[in-house]
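Q: Got a structure for you, protein16.pdb, holding PDB, C-alpha atoms, pLDDT in the B column.
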ATOM      1  CA  VAL O  22     -67.376  57.081 -95.618  1.00 96.00           C
ATOM      2  CA  ILE O  23     -69.056  60.217 -96.899  1.00 97.00           C
ATOM      3  CA  GLY O  24     -68.836  61.788-100.324  1.00 97.00           C
ATOM      4  CA  THR O  25     -71.244  63.650-102.532  1.00 96.00           C
ATOM      5  CA  GLN O  26     -73.271  61.943-105.238  1.00 95.00           C
ATOM      6  CA  GLY O  27     -71.069  61.301-108.243  1.00 95.00           C
ATOM      7  CA  SER O  28     -67.930  60.725-106.168  1.00 96.00           C
ATOM      8  CA  GLY O  29     -68.015  56.947-106.646  1.00 95.00           C
ATOM      9  CA  THR O  30     -69.694  55.853-103.415  1.00 95.00           C
ATOM     10  CA  THR O  31     -71.516  52.942-105.063  1.00 94.00           C
ATOM     11  CA  GLU O  32     -68.291  51.402-106.346  1.00 94.00           C
ATOM     12  CA  THR O  33     -66.486  51.978-103.049  1.00 94.00           C
ATOM     13  CA  ALA O  34     -69.240  50.197-101.124  1.00 94.00           C
ATOM     14  CA  ARG O  35     -69.111  47.295-103.583  1.00 93.00           C
ATOM     15  CA  ARG O  36     -65.339  46.932-103.320  1.00 93.00           C
ATOM     16  CA  LEU O  37     -65.351  47.029 -99.525  1.00 92.00           C
ATOM     17  CA  ALA O  38     -68.075  44.387 -99.467  1.00 92.00           C
ATOM     18  CA  THR O  39     -65.908  42.079-101.600  1.00 92.00           C
ATOM     19  CA  LEU O  40     -63.365  42.152 -98.754  1.00 92.00           C
ATOM     20  CA  GLY O  41     -65.938  40.518 -96.509  1.00 92.00           C
ATOM     21  CA  LEU O  42     -66.991  43.677 -94.715  1.00 92.00           C
ATOM     22  CA  GLU O  43     -70.640  44.427 -93.982  1.00 93.00           C
ATOM     23  CA  ILE O  44     -70.644  47.785 -95.745  1.00 93.00           C
ATOM     24  CA  ALA O  45     -73.920  49.258 -96.936  1.00 93.00           C
ATOM     25  CA  HIS O  46     -74.455  51.907 -99.565  1.00 94.00           C
ATOM     26  CA  GLU O  47     -76.436  54.902 -98.325  1.00 92.00           C
ATOM     27  CA  SER O  48     -77.761  53.123 -95.247  1.00 91.00           C
ATOM     28  CA  ALA O  49     -76.724  52.864 -91.610  1.00 89.00           C
ATOM     29  CA  ASP O  50     -79.626  50.554 -90.748  1.00 87.00           C
ATOM     30  CA  ALA O  51     -77.848  47.471 -89.395  1.00 82.00           C
ATOM     31  CA  GLU O  52     -81.160  45.752 -88.563  1.00 82.00           C
ATOM     32  CA  TRP O  53     -82.388  45.493 -92.145  1.00 82.00           C
ATOM     33  CA  GLN O  54     -79.133  45.982 -94.066  1.00 84.00           C
ATOM     34  CA  PHE O  55     -75.656  44.462 -93.933  1.00 83.00           C
ATOM     35  CA  ALA O  56     -74.196  47.606 -92.407  1.00 86.00           C
ATOM     36  CA  ARG O  57     -72.518  46.511 -89.171  1.00 89.00           C
ATOM     37  CA  ASP O  58     -69.097  47.602 -90.431  1.00 93.00           C
ATOM     38  CA  GLY O  59     -70.228  50.915 -91.849  1.00 92.00           C
ATOM     39  CA  THR O  60     -71.741  52.710 -94.801  1.00 94.00           C
ATOM     40  CA  VAL O  61     -70.648  54.704 -97.837  1.00 95.00           C
ATOM     41  CA  SER O  62     -73.151  57.485 -98.253  1.00 96.00           C
ATOM     42  CA  TRP O  63     -73.705  61.019 -99.519  1.00 96.00           C
ATOM     43  CA  ALA O  64     -76.670  61.560 -97.172  1.00 95.00           C
ATOM     44  CA  HIS O  65     -74.591  60.930 -94.060  1.00 96.00           C
ATOM     45  CA  GLY O  66     -72.580  63.996 -94.989  1.00 96.00           C
ATOM     46  CA  LEU O  67     -75.378  65.761 -93.124  1.00 96.00           C
ATOM     47  CA  ARG O  68     -73.466  64.801 -89.989  1.00 96.00           C
ATOM     48  CA  VAL O  69     -70.643  67.222 -90.742  1.00 96.00           C
ATOM     49  CA  LEU O  70     -72.734  70.098 -92.073  1.00 97.00           C
ATOM     50  CA  PRO O  71     -73.084  73.073 -89.722  1.00 95.00           C
ATOM     51  CA  ARG O  72     -76.652  73.394 -88.492  1.00 95.00           C
ATOM     52  CA  PRO O  73     -78.754  76.289 -89.847  1.00 94.00           C
ATOM     53  CA  PRO O  74     -78.210  79.573 -88.011  1.00 91.00           C
ATOM     54  CA  SER O  75     -81.561  79.620 -86.197  1.00 93.00           C
ATOM     55  CA  GLN O  76     -84.346  77.282 -85.126  1.00 94.00           C
ATOM     56  CA  GLY O  77     -86.608  78.870 -87.717  1.00 94.00           C
ATOM     57  CA  ALA O  78     -84.084  78.234 -90.470  1.00 93.00           C
ATOM     58  CA  LEU O  79     -83.724  74.629 -89.296  1.00 96.00           C
ATOM     59  CA  LEU O  80     -87.492  74.107 -89.399  1.00 96.00           C
ATOM     60  CA  GLU O  81     -87.671  75.525 -92.932  1.00 95.00           C
ATOM     61  CA  ALA O  82     -84.855  73.231 -94.062  1.00 96.00           C
ATOM     62  CA  VAL O  83     -86.522  70.202 -92.484  1.00 97.00           C
ATOM     63  CA  LYS O  84     -89.788  71.065 -94.262  1.00 96.00           C
ATOM     64  CA  LYS O  85     -87.945  71.088 -97.576  1.00 96.00           C
ATOM     65  CA  LEU O  86     -86.307  67.720 -96.938  1.00 97.00           C
ATOM     66  CA  CYS O  87     -89.229  65.961 -95.263  1.00 97.00           C
ATOM     67  CA  GLY O  88     -92.347  67.524 -96.760  1.00 95.00           C
ATOM     68  CA  ARG O  89     -92.654  64.763 -99.360  1.00 94.00           C
ATOM     69  CA  ARG O  90     -90.783  61.906-100.949  1.00 93.00           C
ATOM     70  CA  HIS O  91     -87.812  62.938-103.087  1.00 91.00           C
ATOM     71  CA  LYS O  92     -87.398  60.045-105.478  1.00 86.00           C
ATOM     72  CA  SER O  93     -84.874  61.638-107.838  1.00 89.00           C
ATOM     73  CA  MET O  94     -82.491  62.367-104.919  1.00 93.00           C
ATOM     74  CA  GLY O  95     -82.636  58.827-103.562  1.00 90.00           C
ATOM     75  CA  PHE O  96     -83.287  60.264-100.110  1.00 94.00           C
ATOM     76  CA  HIS O  97     -85.338  58.556 -97.402  1.00 95.00           C
ATOM     77  CA  PRO O  98     -85.201  58.623 -93.576  1.00 95.00           C
ATOM     78  CA  ALA O  99     -84.742  54.845 -93.541  1.00 93.00           C
ATOM     79  CA  MET O 100     -81.196  55.551 -94.723  1.00 93.00           C
ATOM     80  CA  TYR O 101     -80.265  56.599 -91.199  1.00 93.00           C
ATOM     81  CA  ALA O 102     -81.753  53.855 -89.008  1.00 92.00           C
ATOM     82  CA  TYR O 103     -84.509  51.282 -88.699  1.00 91.00           C
ATOM     83  CA  ALA O 104     -87.948  52.820 -88.110  1.00 93.00           C
ATOM     84  CA  PRO O 105     -90.103  50.223 -86.311  1.00 93.00           C
ATOM     85  CA  ASP O 106     -93.196  52.430 -86.209  1.00 94.00           C
ATOM     86  CA  CYS O 107     -93.416  52.986 -89.976  1.00 96.00           C
ATOM     87  CA  SER O 108     -94.526  50.581 -92.676  1.00 95.00           C
ATOM     88  CA  TYR O 109     -91.807  49.581 -95.111  1.00 92.00           C
ATOM     89  CA  ARG O 110     -94.564  48.710 -97.574  1.00 91.00           C
ATOM     90  CA  SER O 111     -95.258  52.422 -97.920  1.00 92.00           C
ATOM     91  CA  HIS O 112     -92.720  54.593 -99.716  1.00 91.00           C
ATOM     92  CA  TRP O 113     -93.961  57.731 -97.960  1.00 95.00           C
ATOM     93  CA  ASP O 114     -96.712  58.639 -95.540  1.00 96.00           C
ATOM     94  CA  LYS O 115     -97.264  60.721 -92.396  1.00 96.00           C
ATOM     95  CA  CYS O 116     -95.234  58.298 -90.307  1.00 97.00           C
ATOM     96  CA  TRP O 117     -92.237  58.583 -92.625  1.00 97.00           C
ATOM     97  CA  ALA O 118     -92.590  62.383 -92.704  1.00 97.00           C
ATOM     98  CA  ARG O 119     -92.469  62.534 -88.884  1.00 97.00           C
ATOM     99  CA  THR O 120     -89.565  60.100 -88.785  1.00 97.00           C
ATOM    100  CA  CYS O 121     -87.742  62.125 -91.420  1.00 97.00           C
ATOM    101  CA  ALA O 122     -88.022  65.311 -89.358  1.00 97.00           C
ATOM    102  CA  LEU O 123     -86.695  63.554 -86.254  1.00 96.00           C
ATOM    103  CA  ARG O 124     -83.835  61.858 -88.134  1.00 96.00           C
ATOM    104  CA  VAL O 125     -82.738  64.994 -89.963  1.00 97.00           C
ATOM    105  CA  ASP O 126     -82.752  67.000 -86.741  1.00 96.00           C
ATOM    106  CA  GLY O 127     -80.781  64.283 -84.962  1.00 95.00           C
ATOM    107  CA  GLU O 128     -78.229  63.771 -87.742  1.00 96.00           C
ATOM    108  CA  TRP O 129     -77.588  67.372 -88.738  1.00 97.00           C
ATOM    109  CA  GLY O 130     -74.165  68.355 -87.444  1.00 96.00           C
ATOM    110  CA  CYS O 131     -74.133  65.503 -84.927  1.00 94.00           C
ATOM    111  CA  ALA O 132     -70.547  64.470 -85.747  1.00 94.00           C
ATOM    112  CA  LEU O 133     -69.364  67.963 -84.852  1.00 94.00           C
ATOM    113  CA  ASN O 134     -70.690  67.700 -81.300  1.00 91.00           C
ATOM    114  CA  GLY O 135     -70.526  63.942 -80.697  1.00 90.00           C
ATOM    115  CA  THR O 136     -74.263  63.291 -80.551  1.00 92.00           C
ATOM    116  CA  CYS O 137     -74.791  60.997 -83.565  1.00 91.00           C
ATOM    117  CA  PRO O 138     -77.433  58.305 -82.940  1.00 83.00           C
ATOM    118  CA  THR O 139     -75.213  55.753 -84.718  1.00 78.00           C
ATOM    119  CA  PRO O 140     -71.647  56.707 -83.741  1.00 74.00           C
ATOM    120  CA  PHE O 141     -69.219  55.127 -86.202  1.00 86.00           C
ATOM    121  CA  ALA O 142     -65.671  54.569 -84.973  1.00 88.00           C
ATOM    122  CA  ALA O 143     -64.301  56.817 -87.723  1.00 91.00           C
ATOM    123  CA  THR O 144     -65.502  58.924 -90.634  1.00 94.00           C
ATOM    124  CA  LEU O 145     -63.560  59.320 -93.868  1.00 96.00           C
ATOM    125  CA  VAL O 146     -64.286  61.670 -96.750  1.00 97.00           C
ATOM    126  CA  GLN O 147     -64.103  60.254-100.268  1.00 97.00           C
ATOM    127  CA  ALA O 148     -62.980  62.876-102.765  1.00 97.00           C
ATOM    128  CA  ARG O 149     -62.817  62.689-106.534  1.00 96.00           C
ATOM    129  CA  HIS O 150     -61.643  65.188-109.125  1.00 97.00           C
ATOM    130  CA  PRO O 151     -64.300  67.910-108.870  1.00 96.00           C
ATOM    131  CA  LEU O 152     -64.848  68.107-112.621  1.00 96.00           C
ATOM    132  CA  ALA O 153     -65.616  64.370-112.668  1.00 97.00           C
ATOM    133  CA  ILE O 154     -68.168  64.848-109.896  1.00 97.00           C
ATOM    134  CA  VAL O 155     -69.734  67.851-111.648  1.00 97.00           C
ATOM    135  CA  GLU O 156     -69.958  65.865-114.874  1.00 96.00           C
ATOM    136  CA  SER O 157     -71.652  62.971-113.091  1.00 96.00           C
ATOM    137  CA  LEU O 158     -74.143  65.252-111.338  1.00 96.00           C
ATOM    138  CA  ALA O 159     -74.864  67.127-114.560  1.00 95.00           C
ATOM    139  CA  VAL O 160     -75.709  63.890-116.358  1.00 94.00           C
ATOM    140  CA  LYS O 161     -78.200  63.017-113.629  1.00 94.00           C
ATOM    141  CA  PHE O 162     -79.721  66.385-112.742  1.00 94.00           C
ATOM    142  CA  CYS O 163     -79.299  68.656-115.796  1.00 93.00           C
ATOM    143  CA  GLU O 164     -81.500  68.378-118.855  1.00 90.00           C
ATOM    144  CA  THR O 165     -78.974  70.686-120.527  1.00 88.00           C
ATOM    145  CA  LEU O 166     -76.200  72.773-118.986  1.00 82.00           C
ATOM    146  CA  ASP O 167     -77.836  76.154-119.613  1.00 87.00           C
ATOM    147  CA  VAL O 168     -81.187  75.553-117.921  1.00 88.00           C
ATOM    148  CA  ALA O 169     -82.267  75.362-114.290  1.00 87.00           C
ATOM    149  CA  PRO O 170     -81.392  72.093-112.547  1.00 88.00           C
ATOM    150  CA  ASP O 171     -83.721  69.387-111.354  1.00 92.00           C
ATOM    151  CA  PRO O 172     -86.050  71.156-108.856  1.00 93.00           C
ATOM    152  CA  GLU O 173     -85.449  68.531-106.180  1.00 95.00           C
ATOM    153  CA  PHE O 174     -81.685  68.954-106.454  1.00 95.00           C
ATOM    154  CA  ALA O 175     -82.046  72.721-106.051  1.00 95.00           C
ATOM    155  CA  LEU O 176     -84.371  72.163-103.081  1.00 95.00           C
ATOM    156  CA  PHE O 177     -81.853  69.927-101.299  1.00 96.00           C
ATOM    157  CA  ALA O 178     -78.981  72.309-102.008  1.00 96.00           C
ATOM    158  CA  GLU O 179     -80.920  75.216-100.532  1.00 95.00           C
ATOM    159  CA  ALA O 180     -81.954  73.150 -97.497  1.00 96.00           C
ATOM    160  CA  PHE O 181     -78.360  72.074 -96.826  1.00 97.00           C
ATOM    161  CA  PHE O 182     -76.526  75.322 -97.535  1.00 95.00           C
ATOM    162  CA  GLY O 183     -79.012  78.195 -97.388  1.00 93.00           C
ATOM    163  CA  PRO O 184     -80.356  80.328-100.234  1.00 92.00           C
ATOM    164  CA  SER O 185     -77.066  81.806-101.487  1.00 92.00           C
ATOM    165  CA  PHE O 186     -74.344  79.884-103.284  1.00 92.00           C
ATOM    166  CA  ASP O 187     -71.522  81.203-101.117  1.00 87.00           C
ATOM    167  CA  GLY O 188     -73.309  81.090 -97.770  1.00 80.00           C
ATOM    168  CA  GLY O 189     -73.278  84.872 -97.471  1.00 69.00           C
ATOM    169  CA  ALA O 190     -76.063  87.216 -96.438  1.00 58.00           C
ATOM    170  CA  GLU O 191     -79.636  86.064 -96.844  1.00 63.00           C
ATOM    171  CA  ALA O 192     -80.668  86.261-100.491  1.00 61.00           C
ATOM    172  CA  ASP O 193     -83.990  87.669-101.685  1.00 62.00           C
ATOM    173  CA  ALA O 194     -84.478  84.468-103.674  1.00 69.00           C
ATOM    174  CA  SER O 195     -82.730  81.131-103.804  1.00 88.00           C
ATOM    175  CA  ASP O 196     -79.628  81.166-105.992  1.00 92.00           C
ATOM    176  CA  TRP O 197     -80.094  77.422-106.416  1.00 94.00           C
ATOM    177  CA  ALA O 198     -83.635  77.688-107.803  1.00 90.00           C
ATOM    178  CA  THR O 199     -83.253  80.865-109.884  1.00 90.00           C
ATOM    179  CA  SER O 200     -79.951  80.161-111.633  1.00 91.00           C
ATOM    180  CA  SER O 201     -80.312  79.515-115.347  1.00 88.00           C
ATOM    181  CA  SER O 202     -77.100  77.462-115.373  1.00 93.00           C
ATOM    182  CA  CYS O 203     -77.431  73.931-114.112  1.00 94.00           C
ATOM    183  CA  VAL O 204     -73.677  73.403-114.227  1.00 94.00           C
ATOM    184  CA  GLU O 205     -73.231  76.442-111.956  1.00 95.00           C
ATOM    185  CA  VAL O 206     -75.658  74.966-109.434  1.00 95.00           C
ATOM    186  CA  VAL O 207     -74.080  71.504-109.299  1.00 96.00           C
ATOM    187  CA  SER O 208     -70.596  73.045-109.148  1.00 96.00           C
ATOM    188  CA  TRP O 209     -71.483  75.184-106.134  1.00 96.00           C
ATOM    189  CA  TYR O 210     -73.088  72.148-104.501  1.00 97.00           C
ATOM    190  CA  VAL O 211     -69.825  70.209-104.781  1.00 97.00           C
ATOM    191  CA  VAL O 212     -67.864  73.162-103.416  1.00 97.00           C
ATOM    192  CA  ARG O 213     -70.125  73.634-100.392  1.00 97.00           C
ATOM    193  CA  TYR O 214     -70.354  69.911 -99.568  1.00 97.00           C
ATOM    194  CA  TYR O 215     -66.579  69.436 -99.570  1.00 97.00           C
ATOM    195  CA  GLU O 216     -65.900  72.716 -97.810  1.00 97.00           C
ATOM    196  CA  ALA O 217     -67.960  71.429 -94.893  1.00 96.00           C
ATOM    197  CA  ALA O 218     -66.379  67.966 -95.016  1.00 96.00           C
ATOM    198  CA  VAL O 219     -62.796  69.271 -95.078  1.00 96.00           C
ATOM    199  CA  ALA O 220     -63.561  71.797 -92.334  1.00 96.00           C
ATOM    200  CA  ALA O 221     -64.652  68.885 -90.137  1.00 96.00           C
ATOM    201  CA  VAL O 222     -61.271  67.133 -90.361  1.00 94.00           C
ATOM    202  CA  ASP O 223     -59.874  66.554 -86.854  1.00 90.00           C
ATOM    203  CA  ALA O 224     -63.123  67.552 -85.153  1.00 91.00           C
ATOM    204  CA  ALA O 225     -65.297  64.886 -86.772  1.00 93.00           C
ATOM    205  CA  VAL O 226     -63.463  63.428 -89.785  1.00 94.00           C
ATOM    206  CA  ALA O 227     -60.399  61.189 -89.583  1.00 94.00           C
ATOM    207  CA  GLY O 228     -59.140  62.057 -93.029  1.00 95.00           C
ATOM    208  CA  VAL O 229     -59.770  62.628 -96.734  1.00 96.00           C
ATOM    209  CA  TYR O 230     -58.702  60.342 -99.577  1.00 95.00           C
ATOM    210  CA  ARG O 231     -58.947  60.646-103.348  1.00 95.00           C
ATOM    211  CA  VAL O 232     -60.731  57.781-105.007  1.00 93.00           C
ATOM    212  CA  GLU O 233     -58.393  58.025-108.029  1.00 93.00           C
ATOM    213  CA  GLU O 234     -55.455  57.223-105.745  1.00 91.00           C
ATOM    214  CA  SER O 235     -57.105  54.462-103.709  1.00 84.00           C
ATOM    215  CA  THR O 236     -56.235  50.789-104.075  1.00 74.00           C
ATOM    216  CA  PRO O 237     -58.645  48.926-106.408  1.00 60.00           C
TER
END
Transcribe the structure of this file into structure tokens.

A:
Amino acid sequence: VIGTQGSGTTETARRLATLGLEIAHESADAEWQFARDGTVSWAHGLRVLPRPPSQGALLEAVKKLCGRRHKSMGFHPAMYAYAPDCSYRSHWDKCWARTCALRVDGEWGCALNGTCPTPFAATLVQARHPLAIVESLAVKFCETLDVAPDPEFALFAEAFFGPSFDGGAEADASDWATSSSCVEVVSWYVVRYYEAAVAAVDAAVAGVYRVEESTP
């Protein structure tokens, strides 16, 4: 199950686990986590995102995501699979940086072409009212609504979706980093994430459900 941060993935993972399923939150590592039945994760949305338009653009995006640890985003390459060569006593080092680059490259768009390292039987998209998601993201990543967002959030948004909000022509500077409206940035992030997820229906996604309408 994929859905952006703020869509209620934590609660969904908890509820599925109460049914006796081995469902992890933001991890597909079935060796170290109870994840044999699946995961509920924003980071695995990377699987349905179109890859950057060129190898150079991909390398730049990978540098943004894997150049250092991003604590405020809750992102780590261990989310995708067990890494036997890296020390789990270290939060981040050269081994994790290399593993991150390999995992991001392997996961990016893999559901669209059937090459995912951990092929789940089905992928669902969890949706929530967009204003509720924006509110949740703003609480976490916006000091106030009329200032730039958390730099790490802007970095991830640019890595995932390119420098312009609408995915148009290359921008002279990153819309995500230069906007003076945090609420604008998180709103565009929600739009772009779910545009990609909905576009992947049939090709890589079995369906979309609204968390407000799901059974408790």

Q: In Å, how far is it from CA of Phe181 (chain O) to CA of Ser48 (chain O)?

A: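 So the answer is 19.0 Å.
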
Q: Tell me which of O:Phe96, O:Tyr101, O:Tyr215, O:Trp197 sits closest to Glu52 (chain O), counting only C-alpha atoms.

A: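 Under the stated criterion, the closest residue is O:Tyr101.
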
Q: What does the PyMOL selection byres ((chain O and resi 122) around 12) select in this file, as a ChimeraX atom specification?

A: /O:79-89,97-99,101,115-121,123-129

Q: Within 8 Å of region 218-237 of chain O, which residues of region 105-147 of chain O show up? Give each one with its shortest atom-to-atom distance in Å (one decimal) and the two atoms involved, counting only C-alpha atoms, rows by chain then rising residue number, as a tab-separated table.

A:
residue	atom	partner	partner_atom	distance
O:Ala132	CA	O:Ala225	CA	5.4
O:Leu133	CA	O:Ala225	CA	5.4
O:Ala143	CA	O:Ala227	CA	6.1
O:Thr144	CA	O:Val226	CA	5.0
O:Leu145	CA	O:Gly228	CA	5.3
O:Val146	CA	O:Val229	CA	4.6
O:Gln147	CA	O:Tyr230	CA	5.4

Q: What does the distance from CA of Phe186 (chain O) to CA of Val211 (chain O) come to in Å, to one decimal?

A: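 One can read the CA of Phe186 (chain O) to CA of Val211 (chain O) distance as 10.8 Å.
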
Q: Output the residue selection produced by the PyMOL selection byres ((chain O and resi 31-44) around 7) on the file above, formatted as a list in words.

A: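 On this input, the PyMOL selection byres ((chain O and resi 31-44) around 7) captures Gly29, Thr30, Ala45, His46, Phe55, Ala56, Arg57, Asp58, Gly59, Thr60 and Val61 of chain O.
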
Q: Taking the file above as input, evaluate the PyMOL selection byres ((chain O and resi 178) around 10) and report the hits as an mmCIF file with C-alpha atoms, keeping the file's coordinate frame.

A:
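Resulting contents of part.cif:
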data_model
loop_
_atom_site.group_PDB
_atom_site.id
_atom_site.type_symbol
_atom_site.label_atom_id
_atom_site.label_comp_id
_atom_site.auth_asym_id
_atom_site.auth_seq_id
_atom_site.Cartn_x
_atom_site.Cartn_y
_atom_site.Cartn_z
ATOM 1 C CA ALA O 82 -84.855 73.231 -94.062
ATOM 2 C CA PRO O 172 -86.050 71.156 -108.856
ATOM 3 C CA GLU O 173 -85.449 68.531 -106.180
ATOM 4 C CA PHE O 174 -81.685 68.954 -106.454
ATOM 5 C CA ALA O 175 -82.046 72.721 -106.051
ATOM 6 C CA LEU O 176 -84.371 72.163 -103.081
ATOM 7 C CA PHE O 177 -81.853 69.927 -101.299
ATOM 8 C CA GLU O 179 -80.920 75.216 -100.532
ATOM 9 C CA ALA O 180 -81.954 73.150 -97.497
ATOM 10 C CA PHE O 181 -78.360 72.074 -96.826
ATOM 11 C CA PHE O 182 -76.526 75.322 -97.535
ATOM 12 C CA GLY O 183 -79.012 78.195 -97.388
ATOM 13 C CA PRO O 184 -80.356 80.328 -100.234
ATOM 14 C CA SER O 185 -77.066 81.806 -101.487
ATOM 15 C CA PHE O 186 -74.344 79.884 -103.284
ATOM 16 C CA SER O 195 -82.730 81.131 -103.804
ATOM 17 C CA ASP O 196 -79.628 81.166 -105.992
ATOM 18 C CA TRP O 197 -80.094 77.422 -106.416
ATOM 19 C CA ALA O 198 -83.635 77.688 -107.803
ATOM 20 C CA VAL O 206 -75.658 74.966 -109.434
ATOM 21 C CA VAL O 207 -74.080 71.504 -109.299
ATOM 22 C CA TRP O 209 -71.483 75.184 -106.134
ATOM 23 C CA TYR O 210 -73.088 72.148 -104.501
ATOM 24 C CA VAL O 211 -69.825 70.209 -104.781
ATOM 25 C CA ARG O 213 -70.125 73.634 -100.392
ATOM 26 C CA TYR O 214 -70.354 69.911 -99.568
#

Q: What does the distance from CA of Ile23 (chain O) to CA of Pro73 (chain O) come to in Å, to one decimal?

A: 20.1 Å

Q: Considering all atoms listed in the file, can you say which of O:Ser28, O:Gln76, O:Asn134, O:Ser93 comes closest to Ala153 (chain O)?

A: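 Of O:Ser28, O:Gln76, O:Asn134, O:Ser93, the one nearest Ala153 (chain O) is O:Ser28, counting all atoms listed in the file.
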
Q: Which residue gives the smallest distance to Asp171 (chain O) among O:Ala217, O:Pro140, O:His91, O:Tyr109, with all atoms listed in the file counted?

A: O:His91

Q: Mind checking which residues fall within 9 Å of Asp167 (chain O), counting only C-alpha atoms, ignoring those fewer than 2 positions away in the same chain, and posting them as a list in words?

A: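 Selected residues are Cys163, Glu164, Thr165, Ala169, Pro170, Ser201, Ser202, Cys203, Val204 and Glu205 of chain O.
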
Q: Counting all atoms listed in the file, which of O:Met100, O:Cys137, O:Ala49, O:Val22 gets nearest to Arg68 (chain O)?

A: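 Comparing O:Met100, O:Cys137, O:Ala49, O:Val22 against Arg68 (chain O), the winner is O:Cys137.
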
Q: Let me make sure I understand: among O:Lys161, O:Lys92, O:His112, O:Arg149, which one has the smallest atom-to-atom distance to Gly24 (chain O) if we use all atoms listed in the file?

A: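 Among the listed residues, O:Arg149 lies closest to Gly24 (chain O).
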
Q: My list of candidates is O:Trp113, O:Ala78, O:Leu67, O:Ser208. Which is closest to Glu156 (chain O) when distances are computed with all atoms listed in the file?

A: O:Ser208

Q: Padding of 6 Å on every side, edges along x, y and z, all listed atoms of region 220-227 of chain O included: what centre and edge lengths in Å, to one decimal, does that box have, as JSON?

A:
{"center_x": -62.6, "center_y": 66.5, "center_z": -88.7, "size_x": 17.4, "size_y": 22.6, "size_z": 19.2}
